[in-house]
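A quick write-up on the structure given underneath.
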Amino acid sequence: MAIRKTFSYPYESAWSDADELLLHLDTGTWRTKRPQIDTDKCNYCGLCALYCPPQCMLARGDYFEVNLQYCKGCGICAKECPRGAITMVLEELSGKINAET
Amino acid sequence: MRKHDTKVITGNACSAYAVRLCQPDVVALYPITPQTEVVEQLARFKADGELQAEMIEVEGENSAMNAVTAASIAGGRVYTATSSYGLAFMYDAMMQTAGFRAPVVMTNVNREPPGIHAVSSGQQDMIATRDIGWLQLVVEENQEVLDVTIQAFRLAEDYDIQLPVMVNYDGYFVSHSAEAVKIPMPEDVAQYLSALEKQPKRMKLVPGRSMGAGSHGLLLAYTELRYKHVAAMERAKAKFDQIDKEYGDFFGRYYGGQIEEYKTDGADLILVTSGSAAGTAKTVIDVMRDKGMKVGLIKLRMFRPFPRERLSRALQRRKAVGVLDRSVDFGWNCGPVYREIRALTPEIGCVPMLSFIAGLANLDITAGDVEAMIDDIYAASLGSRFQETTWVSLEEKT
């Protein structure tokens, strides 16, 4: 059997870039619900990023994007968002965690 | 032949001269018998302004290994040296070094490990660090110490490898024996090592970029990194052969890469060994060849990764194989290298294989000992019943 060509790490050893990937545990595979962000409602206050336990709210200029490789769907961001810009939607059981990223 | 200086120096001095020629950025060493002279010589080179490296004074070998590993992931060329207890004391740090894929070069002067206090030569210390992902080279004599230490930097830092390398040689027999050694010119070594500069750059810490080295790698990520590590070790085998050839083409000295085959052409009987014992064995084989005995020697030069492909080819169609180990395999009642050679049976066929344990704790391996081993291998090749493991000097003389 051939070894798959894609690797979690682009390097030879466990280097991590604090701006992108902090932990190489694909907690995204645990998720049953994913946060969906209404970018019209979002005013970029950053509370979701502050509260997100695995720090997967990625700053994208005037809104945040969810790093679905790590988001385990806990819903804290949706609970904390003062403008109700985040809703938790049920994952489709597609087996793919990175469908949107 | 390139220009060189000839000096009569010890094996330890050969390490120090080789390191001076390779000009590492950081050196951290803690003295331990029989490695101490390496530290002394490098300190002298540093004091005389001949070694540019930053020398970090450490309080023990564990710190030494951590210091050079950190310097290595910051992109530096690094070196350390140890022996026995020191090697054991840096065991956890060595695993980190290998896991970090930090191309550290380390000299390990073989000495018996803790337990039975013997400040004397034996390969058990190296054997005890077999399964932690380091490349382990074993050399026989002084010139080879110098040449292989230079090659070790070339091998460790190769972009396709990026692994720590341990250069082993026998304490006292090599470390303290002085021989005439050809010391290459610094500019030639710089030119030889410049091949590394043409390669892609390995990852390193850079100021201003928030990077973590040795981060979490769980589950699949861990599996992937282990796979990459093992794949790099597999590549190291052919790479070491290639480096040996390039080094030989450049400096005129070839050693054979992973293994050296000595008078193996047409040999029915093969003795396998490593380190300084190979010197005695070669002399005995010369004599026995003259007497018409078809015997040859294989000197194992790379213990990890194990050169299974080349050994399988070299050991095919022999009538009997003996392996001389200067260490023991706890749990198998044989020598460690013997056990690995025995694992090649599917490739080389089922022939008598004999394990000889000798030369522990400075016990001399005499020409007579080697001759008796070859006699045993010969008798086994004729179909006589044979004893699998022989504790050479403990056998009752008959």
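Simple scheme: letters A, B, ... for chains in structure tokens order, numbers from 1 for residues in each chain, numbers from 1 for ligands in the order shown.
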
**Item:** 9 Å contact set for Pro352 of chain B, only C-alpha atoms, chain neighbours under 6 positions out, as a list in words
**Value:**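 Answer for this query is Lys319, Ala320, Val321, Gly322, Ile377, Ala380, Ser381, Gly383, Phe386 and Glu388 of chain B.
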
For chain B against chain A, with a cut-off of 8 Å and counting only C-alpha atoms, what is the closest atom pair and its distance in Å to one decimal for every residue that makes the cut, ordered by chain and number, as a Markdown table?
| residue | atom | partner | partner_atom | distance |
| --- | --- | --- | --- | --- |
| B:Gly99 | CA | A:Ser13 | CA | 6.8 |
| B:Phe100 | CA | A:Ser13 | CA | 5.6 |
| B:Arg101 | CA | A:Ser13 | CA | 6.1 |
| B:Met203 | CA | A:Tyr11 | CA | 7.4 |
| B:Ser210 | CA | A:Ala18 | CA | 5.5 |
| B:Met211 | CA | A:Asp17 | CA | 4.7 |
| B:Gly212 | CA | A:Ser16 | CA | 4.9 |
| B:Ala213 | CA | A:Trp15 | CA | 4.5 |
| B:Gly214 | CA | A:Ala14 | CA | 5.0 |
| B:Ser215 | CA | A:Ala14 | CA | 5.2 |
| B:His216 | CA | A:Leu23 | CA | 5.8 |
| B:Gly217 | CA | A:His24 | CA | 5.0 |
| B:Leu218 | CA | A:Leu25 | CA | 5.5 |
| B:Leu219 | CA | A:Leu25 | CA | 7.0 |
| B:Leu220 | CA | A:Ser8 | CA | 7.9 |
| B:Ala221 | CA | A:Ser8 | CA | 5.8 |
| B:Glu224 | CA | A:Phe7 | CA | 6.7 |
| B:Leu225 | CA | A:Ser13 | CA | 6.2 |
| B:Lys228 | CA | A:Glu12 | CA | 6.6 |
| B:His229 | CA | A:Glu12 | CA | 7.6 |

So which residues touch Gly75 of chain A within 9 Å, counting only C-alpha atoms, skipping near sequence neighbours fewer than 3 positions away, as an MDAnalysis selection string? chainID A and resid 33:35 52 72 78:80 86:88

Find the residues around Ala98 of chain B up to 7 Å (only C-alpha atoms counted), leave out those fewer than 4 positions away in its own chain, and share them as a list in words.
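My reading of the contact set: Met94, Ala102, Gly133, Trp134, Leu163 and Pro164 of chain B.
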
inquiry  = So that I can check the surroundings of segment 36-43 of chain A, please list as a ChimeraX atom specification every protein, DNA and RNA residue that reaches within 12 Å of it, counting only C-alpha atoms and ignoring chain neighbours fewer than 2 positions away.
reply    = /A:33-34,45-48,57,60-68,71,73,75,77-78,81-91,100

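Using only C-alpha atoms, the nearest neighbour of Val19 of chain B within the list B:Arg209, B:Arg301, B:Lys237, B:Arg77 is B:Arg77.
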
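Here atom CA of Thr6 of chain B stands at a distance of 20.5 Å from atom CA of Phe173 of chain B.
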
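Ranking B:Ile9, B:Ala152, B:Leu344, B:Ile298 by their shortest atom-to-atom distance to Ile285 of chain B, with only C-alpha atoms included, puts B:Ile298 first.
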
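The spacing separating atom CA of Ala67 of chain B from atom CA of Leu29 of chain B amounts to 9.5 Å.
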